[in-house]
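Note: the block below is data09.txt and it holds compact mmCIF, C-alpha atoms.
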# COMPACT_ATOMS: atom_id res chain seq x y z
CA ASP A 179 68.76 -34.37 28.55
CA ALA A 180 72.13 -33.51 27.05
CA GLY A 181 73.05 -35.25 23.84
CA VAL A 182 76.54 -36.11 22.66
CA THR A 183 78.85 -33.12 22.88
CA GLN A 184 82.20 -32.72 21.17
CA SER A 185 84.96 -30.16 21.49
CA PRO A 186 86.38 -28.21 19.87
CA THR A 187 84.03 -27.66 16.92
CA HIS A 188 86.85 -26.60 14.60
CA LEU A 189 90.61 -27.03 14.74
CA ILE A 190 93.50 -26.15 12.45
CA LYS A 191 96.84 -27.96 12.74
CA THR A 192 99.95 -28.37 10.63
CA ARG A 193 101.55 -31.56 9.36
CA GLY A 194 103.48 -33.49 12.01
CA GLN A 195 101.58 -32.03 14.95
CA GLN A 196 99.46 -33.94 17.42
CA VAL A 197 95.80 -33.33 18.24
CA THR A 198 93.34 -34.34 20.95
CA LEU A 199 89.58 -34.31 20.41
CA ARG A 200 87.05 -34.71 23.19
CA CYS A 201 83.62 -36.28 23.52
CA SER A 202 81.01 -36.43 26.26
CA PRO A 203 78.43 -39.17 25.70
CA LYS A 204 74.68 -38.81 25.94
CA SER A 205 73.42 -39.04 29.50
CA GLY A 206 73.07 -42.68 30.53
CA HIS A 207 75.37 -44.04 27.81
CA ASP A 208 78.57 -45.91 28.61
CA THR A 209 80.07 -46.74 25.21
CA VAL A 210 81.79 -44.31 22.86
CA SER A 211 82.67 -44.87 19.21
CA TRP A 212 84.74 -42.60 16.98
CA TYR A 213 84.32 -42.12 13.24
CA GLN A 214 86.22 -40.18 10.57
CA GLN A 215 84.29 -38.57 7.74
CA ALA A 216 86.21 -37.24 4.75
CA LEU A 217 84.54 -34.67 2.54
CA GLY A 218 81.82 -36.20 0.39
CA GLN A 219 82.06 -39.64 1.98
CA GLY A 220 80.24 -41.57 4.67
CA PRO A 221 81.72 -41.86 8.16
CA GLN A 222 84.37 -44.57 8.69
CA PHE A 223 84.68 -46.40 12.02
CA ILE A 224 87.92 -45.75 13.91
CA PHE A 225 87.43 -47.51 17.25
CA GLN A 226 85.12 -48.04 20.19
CA TYR A 227 85.65 -47.73 23.95
CA TYR A 228 83.77 -49.46 26.71
CA GLU A 229 84.79 -49.85 30.35
CA GLU A 230 87.86 -47.70 29.60
CA GLU A 231 89.21 -50.21 27.09
CA GLU A 232 89.36 -50.28 23.31
CA ARG A 233 86.90 -53.00 22.28
CA GLN A 234 86.81 -52.74 18.49
CA ARG A 235 89.05 -51.08 15.95
CA GLY A 236 88.63 -50.20 12.30
CA ASN A 237 91.32 -50.00 9.65
CA PHE A 238 93.25 -47.05 11.04
CA PRO A 239 96.98 -46.83 11.86
CA ASP A 240 98.42 -46.71 15.36
CA ARG A 241 98.76 -42.93 15.04
CA PHE A 242 95.12 -42.92 16.05
CA SER A 243 94.64 -43.71 19.73
CA GLY A 244 92.02 -43.06 22.32
CA HIS A 245 91.07 -43.09 25.92
CA GLN A 246 87.90 -43.41 27.98
CA PHE A 247 87.56 -41.93 31.44
CA PRO A 248 85.60 -43.27 34.42
CA ASN A 249 82.79 -40.78 33.67
CA TYR A 250 82.50 -42.40 30.19
CA SER A 251 83.83 -39.36 28.33
CA SER A 252 86.46 -40.07 25.72
CA GLU A 253 89.39 -38.58 23.84
CA LEU A 254 90.70 -39.26 20.36
CA ASN A 255 94.40 -38.57 19.83
CA VAL A 256 96.10 -38.39 16.45
CA ASN A 257 99.90 -38.16 16.23
CA ALA A 258 102.14 -37.10 13.34
CA LEU A 259 99.27 -35.48 11.47
CA LEU A 260 99.09 -35.91 7.69
CA LEU A 261 97.23 -33.80 5.16
CA GLY A 262 94.91 -36.78 4.65
CA ASP A 263 93.78 -36.59 8.26
CA SER A 264 91.73 -33.52 7.39
CA ALA A 265 88.16 -34.60 8.08
CA LEU A 266 85.11 -34.33 10.31
CA TYR A 267 85.63 -36.49 13.40
CA LEU A 268 82.42 -37.80 14.88
CA CYS A 269 81.75 -39.30 18.27
CA ALA A 270 78.79 -41.59 18.88
CA SER A 271 77.54 -43.00 22.17
CA SER A 272 75.36 -45.95 23.09
CA LEU A 273 74.43 -48.18 26.01
CA ALA A 274 76.19 -51.52 26.19
CA GLY A 275 74.33 -54.75 26.76
CA LEU A 276 71.38 -53.91 24.54
CA SER A 277 71.87 -55.38 21.10
CA ASN A 278 69.54 -53.20 19.09
CA GLN A 279 70.11 -49.79 20.60
CA PRO A 280 71.10 -47.07 18.13
CA GLN A 281 74.24 -45.02 18.41
CA HIS A 282 73.70 -41.29 18.87
CA PHE A 283 76.12 -38.86 17.25
CA GLY A 284 77.53 -35.49 18.13
CA ASP A 285 78.02 -32.78 15.52
CA GLY A 286 81.73 -33.51 15.24
CA THR A 287 85.04 -31.70 15.22
CA ARG A 288 86.19 -30.31 11.87
CA LEU A 289 89.97 -30.86 11.68
CA SER A 290 91.95 -29.08 8.99
CA ILE A 291 95.62 -29.90 8.38
CA LEU A 292 97.75 -27.29 6.63
CA ASP B 1463 78.66 -56.52 7.61
CA ALA B 1464 76.43 -56.82 4.58
CA LYS B 1465 76.85 -54.17 1.90
CA THR B 1466 73.99 -51.83 1.00
CA THR B 1467 73.19 -50.16 -2.32
CA GLN B 1468 71.33 -46.86 -2.52
CA PRO B 1469 70.65 -44.42 -5.35
CA PRO B 1470 73.08 -41.48 -5.14
CA SER B 1471 70.35 -38.85 -5.31
CA MET B 1472 66.59 -38.34 -5.27
CA ASP B 1473 64.21 -35.40 -5.45
CA CYS B 1474 60.86 -34.97 -3.76
CA ALA B 1475 58.22 -32.24 -3.74
CA GLU B 1476 57.46 -30.62 -0.42
CA GLY B 1477 54.40 -32.19 1.22
CA ARG B 1478 54.66 -35.39 -0.77
CA ALA B 1479 55.90 -38.75 0.50
CA ALA B 1480 59.59 -39.49 0.01
CA ASN B 1481 60.37 -43.17 -0.58
CA LEU B 1482 64.05 -44.02 -0.28
CA PRO B 1483 65.05 -47.52 -1.43
CA CYS B 1484 67.91 -49.67 -0.20
CA ASN B 1485 69.18 -53.04 -1.41
CA HIS B 1486 70.91 -55.38 1.05
CA SER B 1487 70.78 -58.71 -0.75
CA THR B 1488 73.53 -60.32 1.37
CA ILE B 1489 71.93 -59.51 4.72
CA SER B 1490 72.13 -62.31 7.27
CA GLY B 1491 69.65 -63.35 9.88
CA ASN B 1492 71.41 -61.57 12.74
CA GLU B 1493 71.57 -58.17 11.06
CA TYR B 1494 69.28 -55.21 11.54
CA VAL B 1495 68.52 -52.51 8.96
CA TYR B 1496 69.23 -49.02 10.31
CA TRP B 1497 68.56 -45.64 8.76
CA TYR B 1498 70.38 -42.44 9.62
CA ARG B 1499 70.37 -39.06 7.96
CA GLN B 1500 72.94 -36.29 7.94
CA ILE B 1501 72.02 -32.69 7.39
CA HIS B 1502 74.87 -30.51 6.16
CA SER B 1503 77.42 -29.65 8.88
CA GLN B 1504 75.71 -31.85 11.49
CA GLY B 1505 76.34 -35.34 12.82
CA PRO B 1506 74.27 -38.30 11.60
CA GLN B 1507 70.80 -38.47 13.14
CA TYR B 1508 69.19 -41.81 13.95
CA ILE B 1509 65.83 -42.30 12.20
CA ILE B 1510 64.60 -45.87 12.59
CA HIS B 1511 65.65 -49.51 12.52
CA GLY B 1512 64.09 -52.93 12.06
CA LEU B 1513 64.83 -56.63 11.82
CA LYS B 1514 61.94 -58.32 10.02
CA ASN B 1515 58.74 -56.44 10.61
CA ASN B 1516 57.76 -53.04 9.31
CA GLU B 1517 58.40 -50.24 11.80
CA THR B 1518 56.95 -46.76 12.28
CA ASN B 1519 57.90 -43.90 14.56
CA GLU B 1520 57.31 -40.18 14.68
CA MET B 1521 59.89 -39.54 11.98
CA ALA B 1522 59.37 -42.24 9.38
CA SER B 1523 58.22 -45.72 8.39
CA LEU B 1524 60.48 -48.60 7.46
CA ILE B 1525 59.22 -51.27 5.09
CA ILE B 1526 61.35 -54.45 4.87
CA THR B 1527 60.58 -57.02 2.20
CA GLU B 1528 59.70 -60.53 3.30
CA ASP B 1529 63.03 -61.93 2.06
CA ARG B 1530 64.80 -59.04 3.84
CA LYS B 1531 66.89 -58.29 0.77
CA SER B 1532 65.63 -54.73 0.42
CA SER B 1533 63.90 -52.01 2.37
CA THR B 1534 62.26 -48.62 1.88
CA LEU B 1535 62.34 -45.63 4.18
CA ILE B 1536 59.20 -43.53 3.90
CA LEU B 1537 58.95 -39.91 5.00
CA PRO B 1538 55.18 -39.42 4.75
CA HIS B 1539 55.07 -35.64 4.29
CA ALA B 1540 58.49 -34.34 3.31
CA THR B 1541 59.49 -30.81 4.31
CA LEU B 1542 62.41 -28.66 3.22
CA ARG B 1543 64.13 -29.58 6.50
CA ASP B 1544 64.22 -33.21 5.39
CA THR B 1545 66.83 -32.34 2.74
CA ALA B 1546 69.81 -34.46 3.80
CA VAL B 1547 71.98 -37.48 2.99
CA TYR B 1548 70.18 -40.65 4.04
CA TYR B 1549 72.22 -43.70 4.98
CA CYS B 1550 70.91 -47.26 4.98
CA ILE B 1551 73.10 -49.48 7.18
CA VAL B 1552 73.04 -53.18 7.93
CA ARG B 1553 74.29 -53.83 11.43
CA GLU B 1554 74.89 -56.97 13.45
CA THR B 1555 72.70 -57.54 16.46
CA THR B 1556 75.79 -57.96 18.64
CA SER B 1557 75.79 -55.37 21.38
CA GLY B 1558 77.96 -52.41 20.49
CA SER B 1559 78.59 -53.44 16.91
CA ARG B 1560 79.95 -50.75 14.62
CA LEU B 1561 78.05 -48.87 11.93
CA THR B 1562 79.39 -49.29 8.39
CA PHE B 1563 78.29 -46.32 6.29
CA GLY B 1564 78.10 -46.31 2.50
CA GLU B 1565 77.68 -43.28 0.26
CA GLY B 1566 74.02 -42.74 1.08
CA THR B 1567 71.27 -41.00 -0.91
CA GLN B 1568 71.17 -37.22 -1.20
CA LEU B 1569 67.48 -36.35 -0.84
CA THR B 1570 66.51 -32.89 -2.00
CA VAL B 1571 63.04 -31.66 -1.07
CA ASN B 1572 61.88 -28.95 -3.46
CA PRO B 1573 59.31 -26.24 -2.68
Show this structure as structure tokens.
Amino acid sequence: DAGVTQSPTHLIKTRGQQVTLRCSPKSGHDTVSWYQQALGQGPQFIFQYYEEEERQRGNFPDRFSGHQFPNYSSELNVNALLLGDSALYLCASSLAGLSNQPQHFGDGTRLSIL
Amino acid sequence: DAKTTQPPSMDCAEGRAANLPCNHSTISGNEYVYWYRQIHSQGPQYIIHGLKNNETNEMASLIITEDRKSSTLILPHATLRDTAVYYCIVRETTSGSRLTFGEGTQLTVNP
């Protein structure tokens, strides 16, 4: 039973570039959430996708956007990269409709901005 | 979401029980207490959650006080592999609700 998988594991970009990160949810899950974790801090919620639509959003600018595909996989896009976007980006999946089901995380993509 | 307060760090001897406290004095009736841990360079790992009653699974036990204003995560026999940052999170019961992480507790299990 495959867990949450993310790609790539590491990525280096320069300021002003654009990046796309990918996530495949745990088998049987239909909801994907994205989190940003800066060094030494807890993860911060970016947004959540369900039924190919953004359902919730945290306090992140419009440079952060996403997409969910019919197979429930998801992408996180960040435009006009800033040095402060350097972080571990985590994807978590869950099953909608069940109020007390935990989210399961992948091991993240480490994004470094030079 | 209600805010949680955890000690920044704790130490535990290998083989002994690790008791990690969490205060959530503003928790409301529709919020669960969740615990996750994050081992270095990995994503957060779900441990356990509860609403009112104490809970136990193969990883840990969760003790929630009667007034629900605090809880304790218990690892009954800590091993070196339990060294990690432990996050206590209060989460709404609404389906799909987000997780709001704090700073967590760095637990170090010593040989």
Interface list for chain A, partner chain B, 10 Å threshold, only C-alpha atoms, as a ChimeraX atom specification
/A:182,209-213,215,218-228,233-236,266-288
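The neighbours of Leu260 (chain A) here are the residues that come within 9 Å of it, using all atoms listed in the file and leaving out any residue fewer than 6 positions away in the same chain; they are Thr192, Arg193, Gly194, Gln195, Ile291 and Leu292 of chain A.
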Exercise: Phe242 (chain A) partners within 9 Å, only C-alpha atoms, chain neighbours under 2 positions left out, as an MDAnalysis selection string
chainID A and resid 224 238:240 244 254:257
Leu1524 (chain B) proximity check over B:Ala1475, B:Val1552, B:Val1495, B:Leu1569, using only C-alpha atoms: winner is B:Val1495
The distance between CA of Glu230 (chain A) and CA of Asp208 (chain A) is 9.5 Å
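Here CA of Pro1469 (chain B) and CA of Ile1551 (chain B) stand 13.7 Å from one another.
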